[in-house]
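S.K.: So here's query-v8.tsv, just TSV, C-alpha atoms and all ligand atoms:
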chain	number	residue	atom	x	y	z
A	1	MET	CA	33.46	91.72	-53.49
A	2	ASP	CA	36.89	92.82	-52.26
A	3	THR	CA	39.89	93.05	-54.51
A	4	ILE	CA	42.31	90.24	-53.64
A	5	GLN	CA	45.85	91.46	-53.12
A	6	SER	CA	48.65	89.26	-54.34
A	7	ASP	CA	52.22	90.02	-53.26
A	8	SER	CA	52.80	92.58	-55.99
A	9	TYR	CA	49.52	92.97	-57.87
A	10	PRO	CA	45.77	93.31	-57.36
A	11	ILE	CA	43.13	90.84	-58.58
A	12	PHE	CA	39.99	92.83	-59.36
A	13	PHE	CA	36.50	91.34	-59.18
A	14	ASP	CA	34.02	94.21	-58.95
A	15	ASP	CA	33.58	96.35	-62.01
A	16	SER	CA	36.88	94.93	-63.15
A	17	LEU	CA	36.70	95.93	-66.81
A	18	SER	CA	36.34	99.62	-65.91
A	19	GLU	CA	39.24	99.10	-63.51
A	20	LEU	CA	41.24	97.79	-66.46
A	21	ILE	CA	40.72	100.96	-68.45
A	22	THR	CA	41.59	103.12	-65.42
A	23	PHE	CA	44.71	101.01	-64.90
A	24	ILE	CA	45.84	101.47	-68.52
A	25	LYS	CA	45.20	105.23	-68.45
A	26	GLN	CA	47.04	105.69	-65.18
A	27	GLY	CA	49.97	103.56	-66.38
A	28	LYS	CA	50.76	106.08	-69.13
A	29	TYR	CA	51.75	103.26	-71.47
A	30	SER	CA	53.22	104.12	-74.87
A	31	ARG	CA	50.97	101.59	-76.57
A	32	THR	CA	48.53	98.87	-75.56
A	33	PHE	CA	48.45	95.46	-77.26
A	34	VAL	CA	45.47	93.21	-76.73
A	35	LEU	CA	46.33	89.54	-77.33
A	36	THR	CA	43.41	87.27	-78.18
A	37	ASP	CA	42.76	83.94	-79.83
A	38	GLU	CA	40.23	83.51	-82.61
A	39	ASN	CA	37.45	82.61	-80.14
A	40	THR	CA	38.12	85.37	-77.65
A	41	SER	CA	38.30	87.85	-80.57
A	42	ALA	CA	34.78	86.80	-81.50
A	43	GLN	CA	33.24	86.26	-78.05
A	44	CYS	CA	35.13	88.41	-75.55
A	45	LEU	CA	36.53	91.37	-77.44
A	46	PRO	CA	33.03	92.76	-78.12
A	47	VAL	CA	32.54	92.96	-74.33
A	48	LEU	CA	35.75	94.94	-73.95
A	49	GLU	CA	35.75	97.05	-77.11
A	50	PRO	CA	33.33	99.78	-75.95
A	51	LEU	CA	35.66	100.36	-72.99
A	52	LEU	CA	38.86	100.12	-75.04
A	53	ALA	CA	37.45	102.87	-77.25
A	54	GLU	CA	38.21	105.27	-74.38
A	55	LEU	CA	41.94	104.75	-74.97
A	56	ASP	CA	43.99	106.86	-77.37
A	57	ASN	CA	45.30	103.78	-79.12
A	58	TYR	CA	45.40	100.03	-78.91
A	59	ASP	CA	46.34	97.24	-81.30
A	60	LEU	CA	45.07	93.70	-81.61
A	61	ILE	CA	47.20	90.58	-81.99
A	62	GLU	CA	45.45	87.27	-82.52
A	63	ILE	CA	46.72	83.70	-82.29
A	64	ASN	CA	44.94	80.48	-83.22
A	65	ALA	CA	42.82	78.92	-80.50
A	66	GLY	CA	43.90	75.83	-78.59
A	67	GLU	CA	46.88	74.21	-76.90
A	68	GLU	CA	48.51	73.56	-80.32
A	69	SER	CA	49.26	77.30	-80.45
A	70	LYS	CA	51.05	77.31	-77.09
A	71	ASN	CA	54.50	76.94	-78.60
A	72	ILE	CA	57.55	78.96	-79.51
A	73	ASP	CA	56.48	79.45	-83.16
A	74	PHE	CA	53.46	81.44	-82.05
A	75	CYS	CA	55.66	83.43	-79.64
A	76	VAL	CA	57.90	84.32	-82.57
A	77	GLY	CA	54.82	85.51	-84.45
A	78	VAL	CA	53.77	87.75	-81.56
A	79	TRP	CA	57.32	89.05	-80.92
A	80	LYS	CA	57.55	89.93	-84.65
A	81	MET	CA	54.28	91.83	-84.51
A	82	LEU	CA	55.47	93.77	-81.45
A	83	ILE	CA	58.65	94.68	-83.34
A	84	ASP	CA	56.66	95.66	-86.46
A	85	PHE	CA	54.33	97.84	-84.37
A	86	GLY	CA	57.42	99.48	-82.82
A	87	ALA	CA	56.54	98.41	-79.28
A	88	ASP	CA	58.97	99.94	-76.79
A	89	ARG	CA	59.66	99.12	-73.13
A	90	LYS	CA	56.67	101.20	-71.99
A	91	ALA	CA	54.22	99.08	-73.98
A	92	LEU	CA	51.54	97.03	-72.20
A	93	MET	CA	50.16	93.64	-73.15
A	94	VAL	CA	46.59	92.79	-72.22
A	95	ASN	CA	46.11	89.04	-72.45
A	96	LEU	CA	42.43	88.43	-73.16
A	97	GLY	CA	41.74	84.73	-73.21
A	98	GLY	CA	42.02	81.37	-71.56
A	99	GLY	CA	45.15	79.77	-70.14
A	100	VAL	CA	46.77	79.46	-73.57
A	101	VAL	CA	46.60	83.22	-74.16
A	102	THR	CA	47.53	84.17	-70.57
A	103	ASP	CA	50.48	81.70	-70.45
A	104	LEU	CA	51.82	82.56	-73.90
A	105	GLY	CA	51.10	86.28	-73.62
A	106	GLY	CA	52.75	86.43	-70.21
A	107	PHE	CA	55.82	84.64	-71.59
A	108	VAL	CA	56.08	86.88	-74.65
A	109	ALA	CA	55.76	90.00	-72.47
A	110	SER	CA	58.24	88.74	-69.89
A	111	THR	CA	60.92	88.24	-72.55
A	112	TYR	CA	60.26	91.06	-75.07
A	113	LYS	CA	62.95	93.72	-74.50
A	114	ARG	CA	63.77	91.88	-71.25
A	115	GLY	CA	60.24	92.33	-70.02
A	116	ILE	CA	57.32	94.68	-70.59
A	117	ASP	CA	54.26	95.04	-68.36
A	118	PHE	CA	51.33	92.73	-68.91
A	119	VAL	CA	47.92	92.20	-67.34
A	120	GLN	CA	45.70	89.15	-67.43
A	121	VAL	CA	42.03	89.25	-68.39
A	122	PRO	CA	41.10	85.58	-68.08
A	123	THR	CA	38.04	84.50	-70.05
A	124	THR	CA	37.75	80.80	-69.18
A	125	LEU	CA	36.87	79.44	-65.76
A	126	LEU	CA	40.18	77.59	-65.71
A	127	SER	CA	42.22	80.69	-66.39
A	128	GLN	CA	40.23	82.66	-63.80
A	129	VAL	CA	40.70	80.21	-60.94
A	130	ASP	CA	44.15	79.04	-61.90
A	131	ALA	CA	46.25	80.09	-64.90
A	132	SER	CA	46.00	83.88	-64.54
A	133	VAL	CA	47.07	83.94	-60.89
A	134	GLY	CA	50.54	83.06	-59.66
A	135	GLY	CA	52.96	84.36	-62.27
A	136	LYS	CA	53.79	81.16	-64.17
A	137	THR	CA	54.14	81.93	-67.88
A	138	GLY	CA	55.29	79.65	-70.65
A	139	VAL	CA	54.81	77.42	-73.65
A	140	ASP	CA	55.07	73.73	-74.56
A	141	MET	CA	57.85	72.15	-76.61
A	142	ASP	CA	58.55	68.66	-78.00
A	143	GLY	CA	55.31	67.43	-76.48
A	144	ILE	CA	56.31	68.57	-72.98
A	145	LYS	CA	53.90	70.94	-71.33
A	146	ASN	CA	55.11	74.31	-70.06
A	147	ILE	CA	58.75	73.28	-70.44
A	148	ILE	CA	59.87	76.76	-71.54
A	149	GLY	CA	58.76	79.62	-69.33
A	150	THR	CA	59.36	82.18	-66.62
A	151	PHE	CA	58.03	83.16	-63.23
A	152	THR	CA	56.84	86.70	-63.94
A	153	GLN	CA	53.98	88.39	-62.14
A	154	PRO	CA	51.37	90.36	-64.08
A	155	LYS	CA	50.74	93.97	-63.08
A	156	ALA	CA	47.10	93.12	-62.35
A	157	VAL	CA	44.38	90.55	-63.05
A	158	PHE	CA	40.82	91.51	-64.02
A	159	MET	CA	38.11	88.90	-63.40
A	160	SER	CA	34.73	89.22	-65.09
A	161	ALA	CA	31.86	86.76	-64.98
A	162	ALA	CA	30.60	88.36	-68.22
A	163	PHE	CA	33.01	86.22	-70.26
A	164	LEU	CA	31.81	82.92	-68.86
A	165	LYS	CA	28.40	83.29	-70.52
A	166	THR	CA	29.78	82.19	-73.89
A	167	LEU	CA	32.02	79.47	-72.53
A	168	PRO	CA	31.04	75.93	-73.64
A	169	GLU	CA	29.96	73.56	-70.87
A	170	ARG	CA	33.01	71.37	-71.43
A	171	GLN	CA	35.26	74.34	-70.67
A	172	ILE	CA	33.29	75.14	-67.49
A	173	LEU	CA	33.88	71.57	-66.34
A	174	SER	CA	37.55	71.94	-67.16
A	175	GLY	CA	37.93	74.89	-64.78
A	176	LEU	CA	35.82	73.17	-62.18
A	177	ALA	CA	38.48	70.45	-61.83
A	178	GLU	CA	40.95	73.04	-60.51
A	179	MET	CA	38.32	74.43	-58.11
A	180	LEU	CA	37.67	70.94	-56.76
A	181	LYS	CA	41.44	70.49	-56.43
A	182	HIS	CA	41.64	73.67	-54.32
A	183	GLY	CA	39.08	72.22	-51.93
A	184	LEU	CA	40.79	68.82	-51.82
A	185	ILE	CA	44.23	70.21	-50.98
A	186	CYS	CA	43.32	73.06	-48.61
A	187	ASP	CA	39.70	73.42	-47.60
A	188	ALA	CA	37.37	70.50	-46.83
A	189	ASP	CA	34.38	72.86	-46.29
A	190	TYR	CA	34.88	74.37	-49.74
A	191	TRP	CA	35.05	70.87	-51.29
A	192	LYS	CA	31.77	70.03	-49.53
A	193	GLU	CA	30.17	73.27	-50.70
A	194	LEU	CA	31.27	72.63	-54.29
A	195	LYS	CA	30.00	69.08	-54.42
A	196	ASN	CA	26.62	70.22	-53.10
A	197	SER	CA	26.29	73.19	-55.52
A	198	ASP	CA	24.79	73.50	-58.97
A	199	LEU	CA	28.03	73.45	-60.90
A	200	SER	CA	26.69	74.16	-64.39
A	201	LEU	CA	27.93	77.73	-63.89
A	202	PRO	CA	29.78	78.18	-60.59
A	203	SER	CA	28.85	81.35	-58.70
A	204	VAL	CA	31.21	84.32	-58.45
A	205	GLU	CA	31.49	83.57	-54.71
A	206	LEU	CA	32.79	80.07	-55.43
A	207	ILE	CA	35.22	81.43	-58.04
A	208	TYR	CA	36.39	84.06	-55.56
A	209	ARG	CA	37.15	81.42	-52.91
A	210	SER	CA	39.18	79.40	-55.40
A	211	VAL	CA	41.23	82.46	-56.34
A	212	GLU	CA	41.78	83.19	-52.63
A	213	ILE	CA	43.14	79.67	-52.08
A	214	LYS	CA	45.41	79.72	-55.13
A	215	ASN	CA	46.66	83.21	-54.25
A	216	ALA	CA	47.37	82.32	-50.62
A	217	VAL	CA	49.43	79.31	-51.68
A	218	VAL	CA	51.51	81.15	-54.29
A	219	ILE	CA	52.15	84.14	-52.00
A	220	GLU	CA	53.72	81.80	-49.49
A	221	ASP	CA	55.87	80.02	-52.07
A	222	PRO	CA	56.04	81.91	-55.39
A	223	GLN	CA	58.85	79.79	-56.91
A	224	GLU	CA	57.37	76.38	-56.05
A	225	LYS	CA	60.07	75.34	-53.61
A	226	SER	CA	57.63	73.83	-51.09
A	227	ILE	CA	53.93	74.43	-50.43
A	228	ARG	CA	53.10	75.58	-53.97
A	229	LYS	CA	53.66	71.96	-54.94
A	230	ALA	CA	50.28	71.34	-53.28
A	231	LEU	CA	48.72	72.73	-56.46
A	232	ASN	CA	50.28	69.84	-58.40
A	233	PHE	CA	47.83	67.36	-56.90
A	234	GLY	CA	46.43	65.39	-59.86
A	235	HIS	CA	48.95	66.93	-62.24
A	236	THR	CA	51.78	64.35	-62.30
A	237	ILE	CA	49.54	61.76	-63.90
A	238	GLY	CA	47.12	64.35	-65.32
A	239	HIS	CA	49.76	66.14	-67.40
A	240	ALA	CA	50.99	62.85	-68.88
A	241	VAL	CA	47.43	61.83	-69.79
A	242	GLU	CA	46.79	65.31	-71.24
A	243	THR	CA	49.97	65.35	-73.34
A	244	ASN	CA	49.31	61.84	-74.63
A	245	SER	CA	45.77	62.82	-75.54
A	246	ILE	CA	46.91	65.97	-77.37
A	247	LEU	CA	49.36	63.87	-79.40
A	248	ASN	CA	46.93	61.07	-80.25
A	249	ASP	CA	43.27	61.96	-79.93
A	250	GLU	CA	41.20	63.63	-82.59
A	251	ARG	CA	39.31	65.44	-79.84
A	252	PRO	CA	41.89	65.82	-77.06
A	253	LEU	CA	40.99	65.97	-73.39
A	254	THR	CA	40.72	69.41	-71.84
A	255	HIS	CA	43.24	70.25	-69.12
A	256	GLY	CA	40.59	69.81	-66.43
A	257	GLU	CA	39.36	66.46	-67.80
A	258	ALA	CA	42.93	65.16	-67.68
A	259	ILE	CA	43.49	66.56	-64.19
A	260	ALA	CA	40.28	64.91	-62.97
A	261	ILE	CA	41.71	61.54	-64.13
A	262	GLY	CA	45.01	62.45	-62.44
A	263	MET	CA	43.21	63.32	-59.20
A	264	ILE	CA	41.41	59.96	-59.09
A	265	CYS	CA	44.72	58.12	-59.64
A	266	GLU	CA	46.59	60.28	-57.15
A	267	ALA	CA	43.79	59.91	-54.59
A	268	TRP	CA	44.33	56.15	-54.89
A	269	LEU	CA	48.08	56.70	-54.36
A	270	SER	CA	47.18	58.93	-51.40
A	271	HIS	CA	45.19	56.10	-49.87
A	272	LYS	CA	48.04	53.61	-50.40
A	273	LYS	CA	50.91	55.86	-49.36
A	274	ALA	CA	49.76	58.92	-47.43
A	275	GLY	CA	46.94	57.77	-45.19
A	276	LEU	CA	43.94	59.12	-47.14
A	277	PRO	CA	41.00	57.26	-45.56
A	278	LYS	CA	39.19	54.78	-47.79
A	279	GLU	CA	35.88	56.71	-47.48
A	280	HIS	CA	37.62	59.88	-48.72
A	281	LEU	CA	39.06	58.01	-51.71
A	282	HIS	CA	35.62	56.66	-52.47
A	283	GLU	CA	34.02	60.11	-52.14
A	284	ILE	CA	36.61	61.73	-54.44
A	285	SER	CA	36.33	59.12	-57.18
A	286	THR	CA	32.52	59.09	-57.00
A	287	VAL	CA	32.29	62.89	-57.37
A	288	LEU	CA	34.87	63.08	-60.17
A	289	ASN	CA	33.57	60.06	-62.09
A	290	GLY	CA	30.09	61.59	-61.85
A	291	LEU	CA	31.22	64.88	-63.38
A	292	TYR	CA	33.65	63.77	-66.10
A	293	PRO	CA	33.22	61.23	-68.92
A	294	LYS	CA	35.16	58.00	-68.55
A	295	TYR	CA	38.30	58.01	-70.71
A	296	PRO	CA	40.04	54.83	-71.83
A	297	VAL	CA	43.49	54.33	-70.29
A	298	PRO	CA	44.41	50.76	-71.30
A	299	ASP	CA	47.44	48.96	-69.81
A	300	THR	CA	49.10	49.21	-73.23
A	301	CYS	CA	49.60	52.97	-72.84
A	302	HIS	CA	51.11	52.85	-69.32
A	303	ASN	CA	54.64	52.78	-70.78
A	304	VAL	CA	54.12	55.93	-72.77
A	305	LEU	CA	52.47	57.70	-69.84
A	306	TYR	CA	55.33	56.72	-67.51
A	307	GLU	CA	57.88	58.09	-70.00
A	308	LEU	CA	55.95	61.35	-70.18
A	309	MET	CA	55.92	61.56	-66.36
A	310	GLN	CA	59.71	61.12	-66.33
A	311	LYS	CA	60.08	64.08	-68.69
A	312	ASP	CA	57.84	66.26	-66.53
A	313	LYS	CA	59.76	69.25	-65.21
A	314	LYS	CA	58.31	68.68	-61.70
A	315	ASN	CA	60.44	65.56	-61.33
A	316	THR	CA	64.10	65.28	-60.37
A	317	GLU	CA	66.60	62.65	-61.50
A	318	LYS	CA	63.88	60.55	-63.07
A	319	GLN	CA	62.10	60.06	-59.75
A	320	ILE	CA	58.38	60.68	-60.01
A	321	ASN	CA	57.17	63.03	-57.30
A	322	CYS	CA	53.50	63.32	-56.44
A	323	THR	CA	51.57	65.63	-54.20
A	324	LEU	CA	49.16	63.44	-52.28
A	325	LEU	CA	46.35	63.93	-49.76
A	326	THR	CA	46.47	62.79	-46.14
A	327	LYS	CA	42.72	63.49	-45.92
A	328	ILE	CA	40.28	65.74	-47.81
A	329	GLY	CA	41.55	69.30	-47.22
A	330	CYS	CA	45.18	68.34	-46.32
A	331	PHE	CA	48.12	67.62	-48.62
A	332	SER	CA	51.57	66.08	-48.42
A	333	ILE	CA	54.27	67.02	-50.96
A	334	ASP	CA	57.26	65.15	-52.46
A	335	ASN	CA	55.97	61.58	-52.34
A	336	ILE	CA	58.14	59.43	-54.57
A	337	CYS	CA	56.02	56.95	-56.50
A	338	THR	CA	57.35	53.90	-58.32
A	339	GLU	CA	56.36	52.84	-61.82
A	340	ASP	CA	54.40	49.91	-60.37
A	341	GLU	CA	52.45	52.19	-58.03
A	342	LEU	CA	51.69	54.68	-60.80
A	343	CYS	CA	50.48	51.93	-63.14
A	344	ALA	CA	48.35	50.41	-60.38
A	345	SER	CA	46.71	53.80	-59.83
A	346	LEU	CA	45.91	54.02	-63.56
A	347	ARG	CA	44.34	50.57	-63.29
A	348	TYR	CA	42.23	51.78	-60.35
A	349	TYR	CA	40.93	54.62	-62.55
A	350	ALA	CA	40.26	52.32	-65.50
A	351	ALA	CA	38.42	49.67	-63.43
B	401	LIG	P1	42.28	77.71	-73.64
B	401	LIG	O1	42.96	79.00	-73.46
B	401	LIG	O2	42.69	76.87	-74.80
B	401	LIG	O3	40.70	77.98	-73.70
B	401	LIG	C1	39.82	76.91	-73.97
B	401	LIG	C2	38.95	77.21	-75.19
B	401	LIG	O4	37.97	78.18	-74.84
B	401	LIG	C3	39.72	77.80	-76.37
B	401	LIG	O5	39.19	77.28	-77.56
B	401	LIG	C4	39.40	79.29	-76.28
B	401	LIG	O6	39.50	79.93	-77.52
B	401	LIG	C5	37.99	79.27	-75.78
B	401	LIG	N1	37.53	80.44	-75.04
B	401	LIG	C6	38.22	81.19	-74.16
B	401	LIG	N2	37.41	82.07	-73.55
B	401	LIG	C7	36.19	81.91	-74.09
B	401	LIG	C8	34.91	82.52	-73.85
B	401	LIG	N3	34.76	83.43	-72.89
B	401	LIG	N4	33.85	82.11	-74.59
B	401	LIG	C9	34.00	81.11	-75.52
B	401	LIG	N5	35.17	80.48	-75.76
B	401	LIG	C10	36.24	80.87	-75.05
B	401	LIG	O7	42.45	76.77	-72.36
B	401	LIG	P2	42.19	76.97	-70.80
B	401	LIG	O8	41.47	75.75	-70.41
B	401	LIG	O9	41.65	78.29	-70.45
B	401	LIG	O10	43.67	76.91	-70.22
B	401	LIG	C11	44.49	75.76	-70.39
B	401	LIG	C12	45.92	76.18	-70.40
B	401	LIG	O11	46.23	76.85	-69.17
B	401	LIG	C13	46.88	75.01	-70.50
B	401	LIG	O12	47.86	75.32	-71.45
B	401	LIG	C14	47.49	74.92	-69.12
B	401	LIG	O13	48.80	74.41	-69.13
B	401	LIG	C15	47.46	76.36	-68.69
B	401	LIG	N6	47.50	76.55	-67.22
B	401	LIG	C16	48.41	77.39	-66.72
B	401	LIG	C17	48.48	77.61	-65.35
B	401	LIG	C18	49.46	78.59	-64.79
B	401	LIG	O14	49.66	78.62	-63.56
B	401	LIG	N7	50.08	79.41	-65.59
B	401	LIG	C19	47.60	76.95	-64.50
B	401	LIG	C20	46.66	76.09	-65.06
B	401	LIG	C21	46.61	75.90	-66.43
B	402	ZN	ZN	46.09	72.55	-63.74
Would you mind writing the file's structure down as structure tokens?
Ligand code: NAD
Ligand code: ZN

M.R.:
Amino acid sequence: MDTIQSDSYPIFFDDSLSELITFIKQGKYSRTFVLTDENTSAQCLPVLEPLLAELDNYDLIEINAGEESKNIDFCVGVWKMLIDFGADRKALMVNLGGGVVTDLGGFVASTYKRGIDFVQVPTTLLSQVDASVGGKTGVDMDGIKNIIGTFTQPKAVFMSAAFLKTLPERQILSGLAEMLKHGLICDADYWKELKNSDLSLPSVELIYRSVEIKNAVVIEDPQEKSIRKALNFGHTIGHAVETNSILNDERPLTHGEAIAIGMICEAWLSHKKAGLPKEHLHEISTVLNGLYPKYPVPDTCHNVLYELMQKDKKNTEKQINCTLLTKIGCFSIDNICTEDELCASLRYYAA
């Protein structure tokens, strides 16, 4: 499987963990820091450790698992450890984990001493097909997702299917939502292939195609001025539902579960406002409702969700902007949606 080239960095697939060690050795880094969370320490580090042993030195930094750790307090903890370890500008950070570790680790690296090199070793399906590619780093604050962050590209990304073996099914489904999104916005054949595949553990070929799509979009528009907004399909409503769930639910939705809800709502908006044919809307909601458990979104929480959408950094001057579909495989950006339309789409999901 070929290495995918992004504008400034390679995304390795074949034998990627050996490539990682070669990369570190050739980089002549002063010190290597491997950032993990408690789960990736237990499940993923053992896969990497025999290879890391080839290095002269490396240090481990661990954060707690989960979105609750993706905040500035945990960044302070990691910055402090880098200072205590005496990390200089030639240090490297290896972010070994899901989107929380790759987003937070990328942000910490991009700001420590005005920026040190970092590489992403994504261990969840979601971070492989989405979070590790494209250079968005950041953390949440005051209940607003990814509100503090930078656009900083990693030096390389190393994909390995080995990590997915220990990933719980719910996390596989979470990443799958982004893969389905890639098909819906850009590639109708890929959407068709996905919906006809055994998705309990998507094949490396399917993962590769998703990374190709994400990479092609971000290369064309790295700073999200235009076509990168395509990737926000499902995310205007999805992020609000996700944030609300994190604040209120004992067992919060995963990112992908929330995005699947957002995609159903935004497919409805696409039908009403952007010409998505009725059969396509029906197909999208049937596939997504079949894969993800139904989640209650009563009318009583529409207010809160709308307020969260207004705070979303994607929106300007309190107007809510959605990326919609004109048909399966084609998107349309910057569609302004009213509160009434957004609430009606939530009602469509809940029906
Ligand atoms: P996550 O990092 O919280 O990982 C999910 C869970 O799986 C965690 O409990 C983690 O410890 C565990 N885990 C990770 N790898 C494992 C493995 N191989 N085996 C067993 N358990 C493992 O969440 P995620 O779903 O990977 O990522 C979600 C985050 O990514 C969100 O914060 C989202 O905002 C962000 N994101 C960022 C971008 C971007 O462009 N930067 C894109 C999409 C999502
Ligand atoms: Zn997403």

S.K.: I'd like the interatomic distance between atom CA of Arg89 of chain A and atom CA of Pro10 of chain A, to a tenth of an Å.

M.R.: 21.8 Å

S.K.: For Ile320 of chain A, which residue out of A:Ile237, A:Ile259, A:Val101, A:Ala351 is the nearest one, using only C-alpha atoms?

M.R.: A:Ile237

S.K.: List as a PDB file with C-alpha atoms, in the coordinates of the input the protein and nucleic acid residues near segment 246-254 of chain A, meaning an atom at most 12 Å away when only C-alpha atoms are counted, but skip any in the same chain fewer than 5 places from it.

M.R.:
ATOM      1  CA  GLY A  66      43.900  75.830 -78.590  1.00  0.00           C
ATOM      2  CA  GLU A  67      46.880  74.210 -76.900  1.00  0.00           C
ATOM      3  CA  GLU A  68      48.510  73.560 -80.320  1.00  0.00           C
ATOM      4  CA  SER A  69      49.260  77.300 -80.450  1.00  0.00           C
ATOM      5  CA  GLY A  99      45.150  79.770 -70.140  1.00  0.00           C
ATOM      6  CA  VAL A 100      46.770  79.460 -73.570  1.00  0.00           C
ATOM      7  CA  LEU A 126      40.180  77.590 -65.710  1.00  0.00           C
ATOM      8  CA  ASP A 140      55.070  73.730 -74.560  1.00  0.00           C
ATOM      9  CA  ASP A 142      58.550  68.660 -78.000  1.00  0.00           C
ATOM     10  CA  GLY A 143      55.310  67.430 -76.480  1.00  0.00           C
ATOM     11  CA  ILE A 144      56.310  68.570 -72.980  1.00  0.00           C
ATOM     12  CA  LYS A 145      53.900  70.940 -71.330  1.00  0.00           C
ATOM     13  CA  PRO A 168      31.040  75.930 -73.640  1.00  0.00           C
ATOM     14  CA  GLU A 169      29.960  73.560 -70.870  1.00  0.00           C
ATOM     15  CA  ARG A 170      33.010  71.370 -71.430  1.00  0.00           C
ATOM     16  CA  GLN A 171      35.260  74.340 -70.670  1.00  0.00           C
ATOM     17  CA  ILE A 172      33.290  75.140 -67.490  1.00  0.00           C
ATOM     18  CA  LEU A 173      33.880  71.570 -66.340  1.00  0.00           C
ATOM     19  CA  SER A 174      37.550  71.940 -67.160  1.00  0.00           C
ATOM     20  CA  GLY A 175      37.930  74.890 -64.780  1.00  0.00           C
ATOM     21  CA  LEU A 176      35.820  73.170 -62.180  1.00  0.00           C
ATOM     22  CA  ALA A 177      38.480  70.450 -61.830  1.00  0.00           C
ATOM     23  CA  GLU A 178      40.950  73.040 -60.510  1.00  0.00           C
ATOM     24  CA  GLY A 238      47.120  64.350 -65.320  1.00  0.00           C
ATOM     25  CA  HIS A 239      49.760  66.140 -67.400  1.00  0.00           C
ATOM     26  CA  ALA A 240      50.990  62.850 -68.880  1.00  0.00           C
ATOM     27  CA  VAL A 241      47.430  61.830 -69.790  1.00  0.00           C
ATOM     28  CA  ILE A 259      43.490  66.560 -64.190  1.00  0.00           C
ATOM     29  CA  ALA A 260      40.280  64.910 -62.970  1.00  0.00           C
ATOM     30  CA  ILE A 261      41.710  61.540 -64.130  1.00  0.00           C
ATOM     31  CA  TYR A 292      33.650  63.770 -66.100  1.00  0.00           C
ATOM     32  CA  PRO A 293      33.220  61.230 -68.920  1.00  0.00           C
ATOM     33  CA  LYS A 294      35.160  58.000 -68.550  1.00  0.00           C
ATOM     34  CA  TYR A 295      38.300  58.010 -70.710  1.00  0.00           C
ATOM     35  CA  PRO A 296      40.040  54.830 -71.830  1.00  0.00           C
ATOM     36  CA  CYS A 301      49.600  52.970 -72.840  1.00  0.00           C
ATOM     37  CA  VAL A 304      54.120  55.930 -72.770  1.00  0.00           C
ATOM     38  CA  LEU A 305      52.470  57.700 -69.840  1.00  0.00           C
ATOM     39  CA  LEU A 308      55.950  61.350 -70.180  1.00  0.00           C
TER      40      LEU A 308
END

S.K.: How many Å separate atom CA of Asp37 of chain A from atom C15 of ligand LIG 401 (chain B)?

M.R.: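 Those two atoms sit 14.3 Å apart.
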
S.K.: Could you check which of A:Ser132, A:Thr286, A:Ser332, A:Gln153 is closest to Ile227 of chain A, using all atoms listed in the file?

M.R.: A:Ser332

S.K.: Compare A:Phe13, A:Tyr208, A:Phe151, A:Phe331 by their minimum atom-to-atom distance to ligand LIG 401 (chain B), counting all atoms listed in the file, and give me the closest one.

M.R.: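 Answer, going by the shortest atom-to-atom distance: A:Phe151.
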
S.K.: Counting all atoms listed in the file, what residues are within 6 Å of ligand LIG 401 (chain B), given as a list in words?

M.R.: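 So the residues close to ligand LIG 401 (chain B) are Asp37, Asn39, Thr40, Gln43, Cys44, Ala65, Gly66, Glu67, Gly97, Gly98, Gly99, Val100, Val101, Asp103, Thr123, Thr124, Leu126, Ser127, Asp130, Ala131, Gly134, Lys136, Thr137, Phe163, Leu164, Thr166, Leu167 and His255 of chain A.
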
S.K.: Write the selection just made, keeping C-alpha atoms, as a short mmCIF file (atom, residue, chain, number, x, y, z; two decimals), keeping the file's coordinate frame?

M.R.:
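Wrote out-v5.cif, looks like this:
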data_model
loop_
_atom_site.label_atom_id
_atom_site.label_comp_id
_atom_site.auth_asym_id
_atom_site.auth_seq_id
_atom_site.Cartn_x
_atom_site.Cartn_y
_atom_site.Cartn_z
CA ASP A 37 42.76 83.94 -79.83
CA ASN A 39 37.45 82.61 -80.14
CA THR A 40 38.12 85.37 -77.65
CA GLN A 43 33.24 86.26 -78.05
CA CYS A 44 35.13 88.41 -75.55
CA ALA A 65 42.82 78.92 -80.50
CA GLY A 66 43.90 75.83 -78.59
CA GLU A 67 46.88 74.21 -76.90
CA GLY A 97 41.74 84.73 -73.21
CA GLY A 98 42.02 81.37 -71.56
CA GLY A 99 45.15 79.77 -70.14
CA VAL A 100 46.77 79.46 -73.57
CA VAL A 101 46.60 83.22 -74.16
CA ASP A 103 50.48 81.70 -70.45
CA THR A 123 38.04 84.50 -70.05
CA THR A 124 37.75 80.80 -69.18
CA LEU A 126 40.18 77.59 -65.71
CA SER A 127 42.22 80.69 -66.39
CA ASP A 130 44.15 79.04 -61.90
CA ALA A 131 46.25 80.09 -64.90
CA GLY A 134 50.54 83.06 -59.66
CA LYS A 136 53.79 81.16 -64.17
CA THR A 137 54.14 81.93 -67.88
CA PHE A 163 33.01 86.22 -70.26
CA LEU A 164 31.81 82.92 -68.86
CA THR A 166 29.78 82.19 -73.89
CA LEU A 167 32.02 79.47 -72.53
CA HIS A 255 43.24 70.25 -69.12
#

S.K.: For Lys155 of chain A, which residue among A:Leu201, A:Leu20, A:Leu194, A:Ser8 is the nearest when counting all atoms listed in the file?

M.R.: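 Using all atoms listed in the file, the shortest distance to Lys155 of chain A belongs to A:Ser8.
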
S.K.: From the set A:Ser160, A:Gln223, A:Thr22, A:Ser270, which residue has the shortest atom-to-atom contact distance to His282 of chain A, counting all atoms listed in the file?

M.R.: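 Among A:Ser160, A:Gln223, A:Thr22, A:Ser270, it is A:Ser270 that comes nearest to His282 of chain A.
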
S.K.: Quick one: residues within 6 Å of segment 48-62 of chain A, all atoms listed in the file counted, chain neighbours fewer than 2 positions away excluded, as number ranges by chain?

M.R.: A: 32-37, 45-46
